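In what follows, a single structure is set out as structure tokens and then discussed.
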Amino acid sequence: MSTLPLTDGAAAATRILTKLRHDPAGIALTLGAPVVLVLVFGFVFGPAIAVPGSGDYREYLVPGLFVVIAFNPIPSMVSMARDAGRGSVDRFRSLPISRAAIPFGQAAATAVYGVLCLLLMALCGLAVGWRIHTGIGPALGALGILVAVQFAATWIGMYLGLVIGREDTASQLAVLVFPFAMLSNIFVPTAGMPAWLRTLADWNPFSTFSAAVRTLLGNPTAPTNGALPLEYPVLGSLAWAAVLLLVFVPLCTVRYARTER
Amino acid sequence: MTHDPVVSVEGLVKAYGSVHALDGLDLEIAAGTVCAVLGPNGAGKTTAIRVLSTLVTPDAGRARVLGHDVVEQPGEVRRSIGLAGQHAAVDDDLTGRENLQILGRMLHLGRRGARARATELLDRFDLAEAADRLVKTWSGGMRRRLDLVASFVVVRPVLLLDEPTTGLDPRSRTEIWATVRELVAGGTTVLLTTQYLEEADHLADQVVIVDRGRSVATGSPADLKATVGVRIDVEVEDVAAAARALGALAGSEPEVDPDRRRVSAATLDGALTLPAVVRHLDAAGVVVRDVALRRPTLDEVFLQLTGAAA
Ligand SMILES: Nc1ncnc2c1ncn2[C@@H]1O[C@H](COP(=O)(O)OP(=O)(O)OP(=O)(O)O)[C@@H](O)[C@H]1O
Ligand SMILES: [Mg+2]
């Protein structure tokens, strides 16, 4: 093992960030979907959707879209599947470096990129009338939760990418994330759903994260229907992020560093 | 220089389910030489390279690089090898220069050291012109060359190359060969795999022919040629007469393709020349449209060595 895992991780991070710099179209695509959603939901469906406490629908929607952007394992999954399918993972594994430092470096780089995307999303939100109604402290808290959620999603994605090992298969799985996000309180409050579906939606981590961000920013929240994670959304979000990280960081690191049997 | 082999492989076994990718492979490579592992698809070439580069644990047998066991001392092995795998490991969505710089930083050359090394390598291997374009805009040959160069950003004593020229045009292939020779001249020991007899012939000091995970023949290219000989291909008017004449000359039963009017025969006579073949056929009254002497294909060698088509 190398004595310089930080150097190795920094080089791995540079690799990811340099790739992103060459790919402004990729950033546009990452943001494209939420911006379209702001327009479609905010202005087409929005007027017909009742927000609890007669709040503004776009104020309700934008925090949910932050979560859609943050909790997205797809980019890191596709990029890791690509590295594994081609020779990159093999080459890095054959070098006298800390193997575990590579996924850490990549996750750190993805977090930097994620914050950039969140800031751009915030600008779109401001443009359509979304506002922060609390102070700088809670707003930073919301950012912190989003970054933690994003970090967890990156590790889930990298692990799945390693397991899948093929870029084309990984890309095909991308369509699964959106329905999962739809089945939550992100776009509409869950109160109108059939009871069994509502329970699922209320316990969906997407709902917990959105509720936490709404609470911290003073935006309208949906009724909790008594679901525990929604009663304590901030704690619930931290718990979700912690559990996901505790599971996927070791899984991914061990898988990356292993010698195949 | 020591006489211990730089790479030694003894009875290596690796099974995937019921498939024996390696089934008792033996191999020894002396310092500063090129060993070509020659075999058809599925012979176990990649698996052998992956064991030697500490990517896969073997089920049985031993593999050592500079005396370090790949299973027990993987760190030492990794410090001794450079790897260019079968699938290109360079990033298409980076420039050539960025690819090499990032590897240099991972190999602890430092920011400035990595930059200088990248420039040096790009210049020396004729990639400077394209260096600052994204690799996805490069030709296949240039990409493969970059991948090869990436395996010696830090020069190691042993280089492992898995099919470095497969799919390349003749010119790109020649360029890769020149690079390998240059490295060997600098003292590097090279293990490369290939499906081309010609490549083994051009580059290798020692050729190991593998089939179904084990070596079926080992020797210098000259030994190998003496074993497999050369083939005479002719295209004629009268295939029957040509088959009789060639059979007598080659000392083997020729294969006849009456539709394309071709006759082909194997001979062990390594000294046979093209004019001698033409004179012989002429003397036998055979009208020759086309004639060639060539190395047998891998398929034909396998037929000869193992009695089974590759
Ligand atoms: N990870 C794996 N899982 C299952 N089977 C495998 C795996 N790796 C290799 N094999 C099998 O082992 C055998 C040898 O494969 P290997 O890739 O070493 O051959 P090769 O000589 O490199 O072939 P090629 O010329 O096609 O690259 C093949 O039958 C292959 O299908
Ligand atoms: Mg192979």
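The chains in the structure tokens are called A, B, ... from first to last as shown; in each chain the residues are counted from 1, and the ligands are counted from 1 in the order shown.
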- Identify, counting only C-alpha atoms and all ligand atoms, the protein, DNA and RNA residues located within 9 Å of ligand 1, and give them as a PyMOL selection string. (chain A and resi 260-261) or (chain B and resi 14-22+38-50+86+162-163+193-195+210-213)
- Message: At a cut-off of 9 Å, which residues of chain A touch chain B? Count only C-alpha atoms and give the answer as number ranges by chain.
- Response: A: 1-2, 4, 7-12, 14-15, 18-20, 22-23, 83, 85-97, 258-261
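Note that the spacing between atom CA of Gly24 of chain B and atom CA of Val7 of chain B amounts to 15.8 Å.
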- Message: Env of Tyr113 of chain A: 12 Å cut, atoms = only C-alpha atoms, seq-sep filter 3 positions within chain, self excluded. Answer as a PyMOL selection string.
- Response: chain A and resi 13-14+16-21+23-24+26-27+30-31+69-70+75-76+106-110+116-120+147+150-151+154
Keeping C-alpha atoms, export the residues of the selection given above as a PDB file, in the first residue's frame.
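Once written, out34.pdb looks like this:
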```
ATOM      1  CA  ALA A  13     -10.480  13.808  -8.377  1.00  0.00           C
ATOM      2  CA  THR A  14      -8.575  15.868 -10.944  1.00  0.00           C
ATOM      3  CA  ILE A  16     -13.148  13.519 -12.900  1.00  0.00           C
ATOM      4  CA  LEU A  17     -13.152  17.330 -12.718  1.00  0.00           C
ATOM      5  CA  THR A  18     -11.096  17.657 -15.906  1.00  0.00           C
ATOM      6  CA  LYS A  19     -13.558  15.394 -17.710  1.00  0.00           C
ATOM      7  CA  LEU A  20     -16.450  17.572 -16.525  1.00  0.00           C
ATOM      8  CA  ARG A  21     -14.665  20.703 -17.682  1.00  0.00           C
ATOM      9  CA  ASP A  23     -18.285  18.506 -21.039  1.00  0.00           C
ATOM     10  CA  PRO A  24     -20.438  21.622 -20.586  1.00  0.00           C
ATOM     11  CA  GLY A  26     -23.239  17.222 -19.682  1.00  0.00           C
ATOM     12  CA  ILE A  27     -23.861  19.933 -17.083  1.00  0.00           C
ATOM     13  CA  THR A  30     -27.982  17.345 -15.700  1.00  0.00           C
ATOM     14  CA  LEU A  31     -29.797  20.633 -15.216  1.00  0.00           C
ATOM     15  CA  ILE A  69     -30.615  16.812  -8.603  1.00  0.00           C
ATOM     16  CA  ALA A  70     -28.806  15.737  -5.442  1.00  0.00           C
ATOM     17  CA  PRO A  75     -23.917   9.847 -13.421  1.00  0.00           C
ATOM     18  CA  SER A  76     -21.458   8.165 -11.076  1.00  0.00           C
ATOM     19  CA  GLN A 106     -13.979  10.510  -7.452  1.00  0.00           C
ATOM     20  CA  ALA A 107     -16.720  11.020  -4.850  1.00  0.00           C
ATOM     21  CA  ALA A 108     -15.106  14.260  -3.665  1.00  0.00           C
ATOM     22  CA  ALA A 109     -14.904  15.565  -7.230  1.00  0.00           C
ATOM     23  CA  THR A 110     -18.530  14.629  -7.855  1.00  0.00           C
ATOM     24  CA  LEU A 116     -22.277  23.715  -8.704  1.00  0.00           C
ATOM     25  CA  CYS A 117     -25.431  22.100 -10.117  1.00  0.00           C
ATOM     26  CA  LEU A 118     -27.383  22.967  -6.942  1.00  0.00           C
ATOM     27  CA  LEU A 119     -26.330  26.607  -7.188  1.00  0.00           C
ATOM     28  CA  LEU A 120     -27.442  26.752 -10.823  1.00  0.00           C
ATOM     29  CA  VAL A 147     -24.485  17.592  -0.104  1.00  0.00           C
ATOM     30  CA  GLN A 150     -25.571  13.735  -3.004  1.00  0.00           C
ATOM     31  CA  PHE A 151     -22.451  12.106  -1.523  1.00  0.00           C
ATOM     32  CA  THR A 154     -22.481   8.991  -5.564  1.00  0.00           C
TER      33      THR A 154
END
```
- Task: Considering only C-alpha atoms, return as a PyMOL selection string whatever protein or nucleic-acid residues lie within 7 Å of segment 200-213 of chain A, sequence-local ones (same chain, fewer than 5 positions apart) excluded.
- Result: chain A and resi 63-64+67+142+181+183-186+190+221+227+229-230+233-234+236-237
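Across the structure, atom CA of Asp269 of chain B and atom CA of Glu253 of chain B are spaced 14.5 Å apart.
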- Task: Do a neighbour search on Val158 of chain B at 6 Å with only C-alpha atoms, toss out local chain neighbours closer than 4 positions, and write the hits as JSON, numbers by chain.
- Result: {"B": [81, 188, 189, 190]}
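Counting only C-alpha atoms, Ala243 of chain B has the following residues at most 9 Å away, ignoring those fewer than 4 positions along the same chain: Asp238, Val239, Gly247, Ala248, Glu253, Pro254, Glu255, Val256, Val263, Ser264 and Ala265 of chain B.
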- Run DSSP on the backbone and grab whatever in segment 86-154 of chain A lands in alpha helix (DSSP H); send it over as a ChimeraX atom specification. /A:88-94,101-127,136-154
- Item | Contacts of Ala204 of chain B at 7 Å (only C-alpha atoms; same-chain gap of 3+ positions) as a PyMOL selection string | chain B and resi 34-36+200-201+207
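One finds atom CA of Arg171 of chain B at 19.5 Å from atom CA of Arg294 of chain B.
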